[in-house]
$ cat upload-v2.cif   # mmCIF, C-alpha atoms and all ligand atoms
data_model
#
loop_
_atom_site.group_PDB
_atom_site.id
_atom_site.type_symbol
_atom_site.label_atom_id
_atom_site.label_comp_id
_atom_site.auth_asym_id
_atom_site.auth_seq_id
_atom_site.Cartn_x
_atom_site.Cartn_y
_atom_site.Cartn_z
ATOM 1 C CA MET E 1 51.630 129.699 124.596
ATOM 2 C CA LYS E 2 49.140 131.675 126.659
ATOM 3 C CA TYR E 3 48.543 134.302 123.962
ATOM 4 C CA PRO E 4 45.329 134.135 121.903
ATOM 5 C CA LYS E 5 45.456 132.030 118.724
ATOM 6 C CA ASP E 6 44.440 134.972 116.545
ATOM 7 C CA LEU E 7 47.063 137.354 118.021
ATOM 8 C CA MET E 8 48.965 137.304 114.736
ATOM 9 C CA ASN E 9 47.612 137.653 111.217
ATOM 10 C CA GLU E 10 50.702 136.130 109.725
ATOM 11 C CA VAL E 11 53.917 134.435 110.831
ATOM 12 C CA LEU E 12 56.805 136.032 108.980
ATOM 13 C CA PHE E 13 59.886 134.265 110.385
ATOM 14 C CA THR E 14 60.241 131.222 112.587
ATOM 15 C CA ARG E 15 63.027 130.814 115.107
ATOM 16 C CA LYS E 16 64.705 128.316 112.796
ATOM 17 C CA GLN E 17 64.752 130.813 109.920
ATOM 18 C CA ILE E 18 66.059 133.589 112.165
ATOM 19 C CA VAL E 19 68.864 131.456 113.601
ATOM 20 C CA ALA E 20 69.881 130.337 110.100
ATOM 21 C CA ARG E 21 70.019 133.963 108.956
ATOM 22 C CA ALA E 22 71.926 135.034 112.096
ATOM 23 C CA LYS E 23 74.496 132.382 111.268
ATOM 24 C CA GLU E 24 74.944 133.808 107.745
ATOM 25 C CA LEU E 25 75.268 137.371 109.031
ATOM 26 C CA ALA E 26 77.738 136.282 111.723
ATOM 27 C CA LYS E 27 79.902 134.712 109.046
ATOM 28 C CA ALA E 28 80.038 138.008 107.119
ATOM 29 C CA ILE E 29 80.728 140.001 110.306
ATOM 30 C CA LYS E 30 83.520 137.618 111.345
ATOM 31 C CA LYS E 31 85.194 138.081 107.988
ATOM 32 C CA ASP E 32 84.783 141.879 107.872
ATOM 33 C CA TYR E 33 86.251 142.358 111.360
ATOM 34 C CA GLU E 34 88.996 139.754 111.207
ATOM 35 C CA ASN E 35 91.922 140.819 113.416
ATOM 36 C CA LYS E 36 90.060 143.932 114.585
ATOM 37 C CA PRO E 37 88.900 144.128 118.197
ATOM 38 C CA LEU E 38 85.207 144.882 117.980
ATOM 39 C CA THR E 39 82.576 146.295 120.339
ATOM 40 C CA ILE E 40 79.143 144.854 119.645
ATOM 41 C CA VAL E 41 76.328 146.910 121.114
ATOM 42 C CA CYS E 42 72.932 145.353 121.726
ATOM 43 C CA THR E 43 70.064 147.832 121.525
ATOM 44 C CA LEU E 44 67.620 147.123 124.337
ATOM 45 C CA LYS E 45 65.191 145.819 124.683
ATOM 46 C CA GLY E 46 64.089 144.622 121.272
ATOM 47 C CA ALA E 47 67.362 143.277 119.868
ATOM 48 C CA VAL E 48 68.241 141.003 122.761
ATOM 49 C CA PHE E 49 66.990 137.709 121.271
ATOM 50 C CA PHE E 50 68.588 138.284 117.862
ATOM 51 C CA PHE E 51 71.769 139.567 119.533
ATOM 52 C CA THR E 52 72.312 136.366 121.498
ATOM 53 C CA ASP E 53 71.697 134.260 118.355
ATOM 54 C CA LEU E 54 74.251 136.303 116.458
ATOM 55 C CA MET E 55 76.866 136.322 119.222
ATOM 56 C CA ARG E 56 76.887 132.552 119.432
ATOM 57 C CA TYR E 57 78.343 132.447 115.908
ATOM 58 C CA ILE E 58 80.875 135.287 116.205
ATOM 59 C CA ASP E 59 84.143 134.081 117.691
ATOM 60 C CA ASN E 60 86.179 137.235 117.024
ATOM 61 C CA ASP E 61 87.955 139.197 119.706
ATOM 62 C CA CYS E 62 85.026 141.347 120.841
ATOM 63 C CA ASN E 63 83.309 142.789 123.838
ATOM 64 C CA ILE E 64 79.573 143.178 124.237
ATOM 65 C CA GLU E 65 77.758 146.216 125.557
ATOM 66 C CA PHE E 66 74.157 147.322 126.002
ATOM 67 C CA MET E 67 72.315 150.535 125.258
ATOM 68 C CA LYS E 68 68.680 151.380 125.659
ATOM 69 C CA ALA E 69 66.975 153.319 122.880
ATOM 70 C CA SER E 70 63.360 154.377 123.132
ATOM 71 C CA SER E 71 61.206 156.290 120.715
ATOM 72 C CA TYR E 72 57.715 154.859 121.227
ATOM 73 C CA ILE E 73 55.558 156.299 123.960
ATOM 74 C CA GLY E 74 52.942 154.078 125.627
ATOM 75 C CA ASN E 75 50.687 151.896 123.487
ATOM 76 C CA THR E 76 51.447 153.368 120.074
ATOM 77 C CA THR E 77 52.718 151.652 116.941
ATOM 78 C CA THR E 78 54.502 154.688 115.545
ATOM 79 C CA SER E 79 57.749 156.282 116.610
ATOM 80 C CA SER E 80 57.665 159.660 118.342
ATOM 81 C CA GLY E 81 60.750 160.631 116.341
ATOM 82 C CA GLN E 82 62.432 161.670 119.608
ATOM 83 C CA VAL E 83 65.036 159.084 120.497
ATOM 84 C CA LYS E 84 66.310 158.700 124.040
ATOM 85 C CA LEU E 85 69.617 156.840 124.412
ATOM 86 C CA THR E 86 70.892 155.414 127.694
ATOM 87 C CA LYS E 87 74.197 153.610 128.155
ATOM 88 C CA ILE E 88 73.506 150.700 130.496
ATOM 89 C CA MET E 89 77.104 150.571 131.720
ATOM 90 C CA ASP E 90 79.939 152.844 130.798
ATOM 91 C CA PHE E 91 82.175 151.491 128.050
ATOM 92 C CA GLU E 92 85.069 152.647 125.892
ATOM 93 C CA ILE E 93 84.053 154.216 122.560
ATOM 94 C CA LYS E 94 87.130 156.189 121.553
ATOM 95 C CA ASN E 95 89.027 154.485 118.689
ATOM 96 C CA ARG E 96 86.780 151.418 118.887
ATOM 97 C CA ASP E 97 85.089 149.705 115.951
ATOM 98 C CA ILE E 98 81.427 149.562 116.914
ATOM 99 C CA LEU E 99 78.724 147.282 115.567
ATOM 100 C CA ILE E 100 75.193 148.207 116.660
ATOM 101 C CA VAL E 101 72.707 145.335 116.739
ATOM 102 C CA GLU E 102 69.090 146.432 116.200
ATOM 103 C CA ASP E 103 65.776 144.576 116.154
ATOM 104 C CA ILE E 104 64.224 146.636 113.353
ATOM 105 C CA VAL E 105 65.017 149.767 111.372
ATOM 106 C CA ASP E 106 61.841 151.703 110.660
ATOM 107 C CA THR E 107 62.088 155.510 110.262
ATOM 108 C CA GLY E 108 65.849 155.288 110.831
ATOM 109 C CA TYR E 109 65.834 157.911 113.617
ATOM 110 C CA THR E 110 67.152 155.487 116.260
ATOM 111 C CA CYS E 111 70.051 154.341 114.102
ATOM 112 C CA GLN E 112 70.873 157.885 113.090
ATOM 113 C CA GLU E 113 70.917 158.969 116.724
ATOM 114 C CA MET E 114 73.132 156.032 117.718
ATOM 115 C CA ILE E 115 75.553 156.559 114.844
ATOM 116 C CA ASN E 116 75.857 160.267 115.786
ATOM 117 C CA PHE E 117 76.417 159.336 119.422
ATOM 118 C CA PHE E 118 79.283 156.940 118.644
ATOM 119 C CA GLN E 119 80.873 159.279 116.099
ATOM 120 C CA GLU E 120 80.695 162.244 118.479
ATOM 121 C CA ASN E 121 82.442 160.104 121.093
ATOM 122 C CA GLY E 122 85.366 159.328 118.798
ATOM 123 C CA CYS E 123 84.733 155.767 117.613
ATOM 124 C CA ASN E 124 86.948 154.450 114.825
ATOM 125 C CA SER E 125 83.982 153.093 112.856
ATOM 126 C CA VAL E 126 80.319 152.345 113.396
ATOM 127 C CA LYS E 127 78.051 149.960 111.477
ATOM 128 C CA ILE E 128 74.529 148.627 111.880
ATOM 129 C CA CYS E 129 73.271 145.059 111.896
ATOM 130 C CA THR E 130 69.496 144.635 112.085
ATOM 131 C CA LEU E 131 67.212 141.624 112.197
ATOM 132 C CA LEU E 132 64.478 143.428 110.247
ATOM 133 C CA ASN E 133 64.372 146.369 107.878
ATOM 134 C CA LYS E 134 61.278 148.321 106.801
ATOM 135 C CA PRO E 135 62.716 150.479 103.987
ATOM 136 C CA SER E 136 59.322 151.849 102.920
ATOM 137 C CA ARG E 137 59.013 153.715 106.240
ATOM 138 C CA ARG E 138 62.377 155.422 106.157
ATOM 139 C CA LYS E 139 62.501 159.124 107.087
ATOM 140 C CA VAL E 140 66.273 159.498 107.264
ATOM 141 C CA ASP E 141 68.892 157.855 105.127
ATOM 142 C CA VAL E 142 70.956 155.376 107.145
ATOM 143 C CA ASP E 143 73.473 152.923 105.822
ATOM 144 C CA ILE E 144 72.741 149.414 107.121
ATOM 145 C CA ALA E 145 75.636 147.018 106.662
ATOM 146 C CA TYR E 146 73.890 143.763 107.678
ATOM 147 C CA VAL E 147 70.174 143.063 107.237
ATOM 148 C CA GLY E 148 68.423 139.899 108.373
ATOM 149 C CA PHE E 149 65.167 140.321 106.455
ATOM 150 C CA GLU E 150 63.322 143.130 104.678
ATOM 151 C CA ILE E 151 59.634 143.476 105.486
ATOM 152 C CA SER E 152 56.772 145.651 104.281
ATOM 153 C CA ASP E 153 55.029 148.310 106.336
ATOM 154 C CA LYS E 154 53.385 146.072 108.946
ATOM 155 C CA PHE E 155 53.625 146.201 112.726
ATOM 156 C CA VAL E 156 55.419 143.066 113.879
ATOM 157 C CA ILE E 157 55.802 141.469 117.290
ATOM 158 C CA GLY E 158 57.770 138.619 118.826
ATOM 159 C CA TYR E 159 61.446 137.669 119.069
ATOM 160 C CA GLY E 160 62.134 140.715 121.241
ATOM 161 C CA LEU E 161 59.685 143.045 119.523
ATOM 162 C CA ASP E 162 56.830 144.310 121.686
ATOM 163 C CA TYR E 163 53.510 146.039 121.543
ATOM 164 C CA ASN E 164 53.124 148.132 124.692
ATOM 165 C CA GLU E 165 55.847 146.046 126.406
ATOM 166 C CA ILE E 166 54.263 142.638 125.870
ATOM 167 C CA TYR E 167 54.757 139.795 123.348
ATOM 168 C CA ARG E 168 58.587 140.044 123.357
ATOM 169 C CA ASN E 169 58.880 136.401 124.462
ATOM 170 C CA ILE E 170 57.079 134.915 121.440
ATOM 171 C CA PRO E 171 59.754 132.783 119.710
ATOM 172 C CA LEU E 172 58.974 133.969 116.163
ATOM 173 C CA VAL E 173 58.208 137.186 114.280
ATOM 174 C CA GLY E 174 54.635 137.795 113.188
ATOM 175 C CA VAL E 175 52.248 140.575 112.168
ATOM 176 C CA ILE E 176 49.971 141.668 114.982
ATOM 177 C CA ASN E 177 46.222 141.380 114.386
ATOM 178 C CA PRO E 178 44.916 144.996 114.489
ATOM 179 C CA LYS E 179 42.176 143.830 116.857
ATOM 180 C CA TYR E 180 44.852 143.722 119.603
ATOM 181 C CA ILE E 181 46.001 147.284 118.999
ATOM 182 C CA LYS E 182 44.260 149.660 121.352
HETATM 183 P P1 LIG E 201 63.049 153.835 114.127
HETATM 184 O O1 LIG E 201 63.780 154.790 115.018
HETATM 185 O O2 LIG E 201 63.871 153.246 113.028
HETATM 186 O O3 LIG E 201 61.758 154.431 113.618
HETATM 187 O O4 LIG E 201 62.491 152.689 115.025
HETATM 188 C C1 LIG E 201 63.257 151.791 115.629
HETATM 189 C C2 LIG E 201 62.497 151.179 116.785
HETATM 190 O O5 LIG E 201 61.075 151.267 116.633
HETATM 191 C C3 LIG E 201 62.795 149.733 116.818
HETATM 192 O O6 LIG E 201 63.984 149.485 117.531
HETATM 193 C C4 LIG E 201 61.559 149.155 117.475
HETATM 194 O O7 LIG E 201 61.695 149.205 118.875
HETATM 195 C C5 LIG E 201 60.448 150.079 117.034
HETATM 196 N N1 LIG E 201 59.672 149.502 115.901
HETATM 197 C C6 LIG E 201 59.670 149.904 114.615
HETATM 198 N N2 LIG E 201 58.852 149.137 113.864
HETATM 199 C C7 LIG E 201 58.336 148.220 114.712
HETATM 200 C C8 LIG E 201 57.437 147.121 114.528
HETATM 201 O O8 LIG E 201 56.929 146.790 113.436
HETATM 202 N N3 LIG E 201 57.144 146.411 115.646
HETATM 203 C C9 LIG E 201 57.656 146.698 116.879
HETATM 204 N N4 LIG E 201 57.291 145.926 117.894
HETATM 205 N N5 LIG E 201 58.519 147.714 117.069
HETATM 206 C C10 LIG E 201 58.854 148.461 115.996
#
$ encode --input "upload-v2.cif" --output "structure tokens" --more "lines below"
Ligand code: 5GP
Amino acid sequence: MKYPKDLMNEVLFTRKQIVARAKELAKAIKKDYENKPLTIVCTLKGAVFFFTDLMRYIDNDCNIEFMKASSYIGNTTTSSGQVKLTKIMDFEIKNRDILIVEDIVDTGYTCQEMINFFQENGCNSVKICTLLNKPSRRKVDVDIAYVGFEISDKFVIGYGLDYNEIYRNIPLVGVINPKYIK
């Protein structure tokens, strides 16, 4: 790995732990959506690694879609609170059961915005599955059906999560050393 050795203060979850947890969550999702055609929406860019882990263990009748959600501006570690949603390709929402896959739920604004979007467009149901949850940072109350791991209020990178668009390709989740935050 070309990144500095002291980039992270702490490793929180290894790839092995994440894959094992994805397998458990997939099992619950499979059961909950048995015999229901499902649309699983990957939130770009952060959720992409977790999403592919999860999808490998879900063998239900489902289609996969992608949406981009952004709330951070430039090299900050806090959300702007203004969420911009972009559908990558057009897909059917009306009467569909939607499962949103997120990397992390922090303030909850992104999830809230996505839930509103799908409900306003006539979905049958919408639920959230997230790799990480930071409940102590919540600003809006969102119901999260499937949670990989709960973490405390620390800025994490790796496994899809970035700081200023880098570090997404680190194959584990860790806490960034503040020395690398500009
Ligand atoms: P929310 O709208 O819940 O505040 O934030 C959701 C988005 O903020 C996540 O999808 C993620 O992109 C970003 N985010 C929140 N906490 C962290 C964190 O600890 N590390 C990184 N890299 N991104 C975070």
$ residues_near_ligand --input "upload-v2.cif" --ligand "ligand LIG 201 (chain E)" --cutoff "7 Å" --atoms "all atoms listed in the file" --output "list of chain:residue names"
E:Gly46, E:Ser70, E:Ser71, E:Tyr72, E:Thr77, E:Ser79, E:Gly81, E:Glu102, E:Asp103, E:Ile104, E:Val105, E:Asp106, E:Thr107, E:Gly108, E:Tyr109, E:Thr110, E:Cys111, E:Lys154, E:Phe155, E:Val156, E:Ile157, E:Leu161, E:Asp162, E:Tyr163
$ closest_atom_pairs --input "upload-v2.cif" --of "segment 40-144 of chain E" --to "segment 27-34 of chain E" --cutoff "12 Å" --atoms "only C-alpha atoms" --output "CSV"
residue,atom,partner,partner_atom,distance
E:Ile40,CA,E:Ile29,CA,10.6
E:Leu54,CA,E:Lys27,CA,9.5
E:Met55,CA,E:Ile29,CA,10.4
E:Arg56,CA,E:Lys27,CA,11.0
E:Tyr57,CA,E:Lys27,CA,7.4
E:Ile58,CA,E:Lys30,CA,6.0
E:Asp59,CA,E:Lys30,CA,7.3
E:Asn60,CA,E:Lys30,CA,6.3
E:Asp61,CA,E:Glu34,CA,8.6
E:Cys62,CA,E:Tyr33,CA,9.6
E:Arg96,CA,E:Tyr33,CA,11.8
E:Asp97,CA,E:Tyr33,CA,8.7
E:Ile98,CA,E:Tyr33,CA,10.3
E:Leu99,CA,E:Ile29,CA,9.2
E:Ile100,CA,E:Ile29,CA,11.8
E:Val101,CA,E:Ile29,CA,11.6
E:Ser125,CA,E:Tyr33,CA,11.1
E:Val126,CA,E:Tyr33,CA,11.8
E:Lys127,CA,E:Ile29,CA,10.4
E:Ile128,CA,E:Ile29,CA,10.7
E:Cys129,CA,E:Ile29,CA,9.1
$ atom_distance --input "upload-v2.cif" --atom1 "atom CA of Val175 of chain E" --atom2 "atom CA of Val140 of chain E"
24.1 Å
$ residues_around --input "upload-v2.cif" --residues "Thr14 of chain E" --least-positions-apart "5" --cutoff "12 Å" --atoms "only C-alpha atoms" --output "ChimeraX atom specification"
/E:19-21,158-159,170-174
$ axis_aligned_box --input "upload-v2.cif" --around "segment 78-92 of chain E" --padding-each-side "4 Å" --output "lines of an AutoDock Vina configuration file"
center_x = 69.8
center_y = 156.1
center_z = 123.6
size_x = 38.6
size_y = 19.1
size_z = 24.2
$ resolve_selection --input "upload-v2.cif" --expression "the PyMOL selection byres (((chain E and resi 148) around 7) and not hetatm)" --output "number ranges by chain"
E: 21, 130-132, 146-147, 149
$ closest_residue --input "upload-v2.cif" --among "E:Ala47, E:Phe118, E:Arg168, E:Asp53" --to "Arg15 of chain E" --atoms "all atoms listed in the file"
E:Asp53
$ resolve_selection --input "upload-v2.cif" --expression "the PyMOL selection byres (((chain E and resi 9) around 8) and not hetatm)" --output "VMD selection string"
chain E and resid 6 to 8 10 to 11 174 to 177
$ closest_residue --input "upload-v2.cif" --among "E:Phe50, E:Asp90, E:Asn169, E:Lys36" --to "Lys16 of chain E" --atoms "only C-alpha atoms"
E:Phe50
$ decode --input "upload-v2.cif" --residues "segment 133-147 of chain E" --atoms "all heavy atoms" --output "compact mmCIF listing (two decimals), in the first residue's frame"
# COMPACT_ATOMS: atom_id res chain seq x y z
N ASN E 133 -22.92 2.92 10.99
CA ASN E 133 -23.90 3.84 11.56
C ASN E 133 -23.24 4.62 12.68
O ASN E 133 -22.57 4.05 13.53
CB ASN E 133 -25.08 3.02 12.12
CG ASN E 133 -26.20 3.89 12.62
OD1 ASN E 133 -26.35 5.03 12.19
ND2 ASN E 133 -27.01 3.36 13.53
N LYS E 134 -23.40 5.96 12.63
CA LYS E 134 -22.86 6.82 13.69
C LYS E 134 -24.04 7.48 14.39
O LYS E 134 -24.37 8.64 14.13
CB LYS E 134 -22.04 7.95 13.04
CG LYS E 134 -20.59 7.70 12.81
CD LYS E 134 -19.90 9.06 12.52
CE LYS E 134 -18.89 8.98 11.43
NZ LYS E 134 -18.34 10.29 11.07
N PRO E 135 -24.73 6.76 15.28
CA PRO E 135 -25.97 7.29 15.87
C PRO E 135 -25.77 8.58 16.66
O PRO E 135 -26.68 9.41 16.73
CB PRO E 135 -26.47 6.15 16.76
CG PRO E 135 -25.38 5.16 16.85
CD PRO E 135 -24.41 5.40 15.76
N SER E 136 -24.58 8.76 17.25
CA SER E 136 -24.37 9.95 18.08
C SER E 136 -24.38 11.25 17.28
O SER E 136 -24.48 12.33 17.84
CB SER E 136 -23.03 9.83 18.82
OG SER E 136 -21.99 9.78 17.87
N ARG E 137 -24.29 11.16 15.96
CA ARG E 137 -24.23 12.36 15.12
C ARG E 137 -25.56 12.70 14.47
O ARG E 137 -25.68 13.66 13.71
CB ARG E 137 -23.21 12.11 13.99
CG ARG E 137 -21.80 11.93 14.49
CD ARG E 137 -20.95 13.11 14.16
NE ARG E 137 -21.17 13.54 12.80
CZ ARG E 137 -21.03 14.78 12.39
NH1 ARG E 137 -20.66 15.71 13.26
NH2 ARG E 137 -21.24 15.10 11.14
N ARG E 138 -26.58 11.90 14.78
CA ARG E 138 -27.83 12.04 14.06
C ARG E 138 -28.50 13.39 14.27
O ARG E 138 -28.59 13.88 15.38
CB ARG E 138 -28.79 10.93 14.49
CG ARG E 138 -29.83 10.63 13.45
CD ARG E 138 -29.30 9.96 12.19
NE ARG E 138 -29.39 8.53 12.30
CZ ARG E 138 -28.32 7.73 12.36
NH1 ARG E 138 -27.11 8.22 12.29
NH2 ARG E 138 -28.47 6.45 12.46
N LYS E 139 -28.98 13.98 13.17
CA LYS E 139 -29.72 15.25 13.22
C LYS E 139 -31.19 15.02 12.89
O LYS E 139 -32.05 15.79 13.30
CB LYS E 139 -29.14 16.24 12.20
CG LYS E 139 -27.74 16.75 12.54
CD LYS E 139 -27.85 17.96 13.42
CE LYS E 139 -26.61 18.63 13.93
NZ LYS E 139 -25.34 18.28 13.50
N VAL E 140 -31.45 14.00 12.07
CA VAL E 140 -32.84 13.67 11.74
C VAL E 140 -33.06 12.19 12.01
O VAL E 140 -32.15 11.38 11.84
CB VAL E 140 -33.19 13.98 10.27
CG1 VAL E 140 -33.42 15.45 10.05
CG2 VAL E 140 -32.14 13.46 9.31
N ASP E 141 -34.26 11.88 12.42
CA ASP E 141 -34.58 10.51 12.80
C ASP E 141 -34.86 9.67 11.54
O ASP E 141 -35.80 9.95 10.81
CB ASP E 141 -35.82 10.57 13.71
CG ASP E 141 -36.04 9.24 14.39
OD1 ASP E 141 -35.07 8.49 14.55
OD2 ASP E 141 -37.21 8.97 14.73
N VAL E 142 -33.99 8.70 11.27
CA VAL E 142 -34.26 7.81 10.13
C VAL E 142 -34.24 6.36 10.62
O VAL E 142 -33.43 5.99 11.46
CB VAL E 142 -33.24 7.96 8.97
CG1 VAL E 142 -33.59 9.11 8.06
CG2 VAL E 142 -31.82 8.06 9.45
N ASP E 143 -35.15 5.59 10.05
CA ASP E 143 -35.25 4.20 10.44
C ASP E 143 -34.29 3.39 9.57
O ASP E 143 -34.40 3.41 8.34
CB ASP E 143 -36.71 3.76 10.23
CG ASP E 143 -36.92 2.35 10.73
OD1 ASP E 143 -36.19 1.92 11.64
OD2 ASP E 143 -37.82 1.68 10.19
N ILE E 144 -33.33 2.70 10.19
CA ILE E 144 -32.36 1.92 9.41
C ILE E 144 -32.63 0.44 9.67
O ILE E 144 -32.45 -0.04 10.79
CB ILE E 144 -30.92 2.30 9.76
CG1 ILE E 144 -30.75 3.81 9.64
CG2 ILE E 144 -29.94 1.61 8.82
CD1 ILE E 144 -29.47 4.30 10.19
N ALA E 145 -33.03 -0.25 8.62
CA ALA E 145 -33.44 -1.65 8.78
C ALA E 145 -32.25 -2.58 9.00
O ALA E 145 -32.33 -3.53 9.77
CB ALA E 145 -34.24 -2.09 7.55
N TYR E 146 -31.14 -2.34 8.30
CA TYR E 146 -29.98 -3.25 8.37
C TYR E 146 -28.70 -2.45 8.60
O TYR E 146 -28.35 -1.59 7.79
CB TYR E 146 -29.86 -4.05 7.06
CG TYR E 146 -31.15 -4.67 6.60
CD1 TYR E 146 -31.96 -4.04 5.64
CD2 TYR E 146 -31.57 -5.90 7.12
CE1 TYR E 146 -33.16 -4.60 5.22
CE2 TYR E 146 -32.78 -6.47 6.70
CZ TYR E 146 -33.56 -5.82 5.76
OH TYR E 146 -34.74 -6.38 5.34
N VAL E 147 -28.04 -2.75 9.72
CA VAL E 147 -26.80 -2.02 10.06
C VAL E 147 -25.64 -3.01 10.16
O VAL E 147 -25.74 -4.02 10.86
CB VAL E 147 -26.96 -1.29 11.42
CG1 VAL E 147 -25.65 -0.62 11.84
CG2 VAL E 147 -28.06 -0.25 11.36
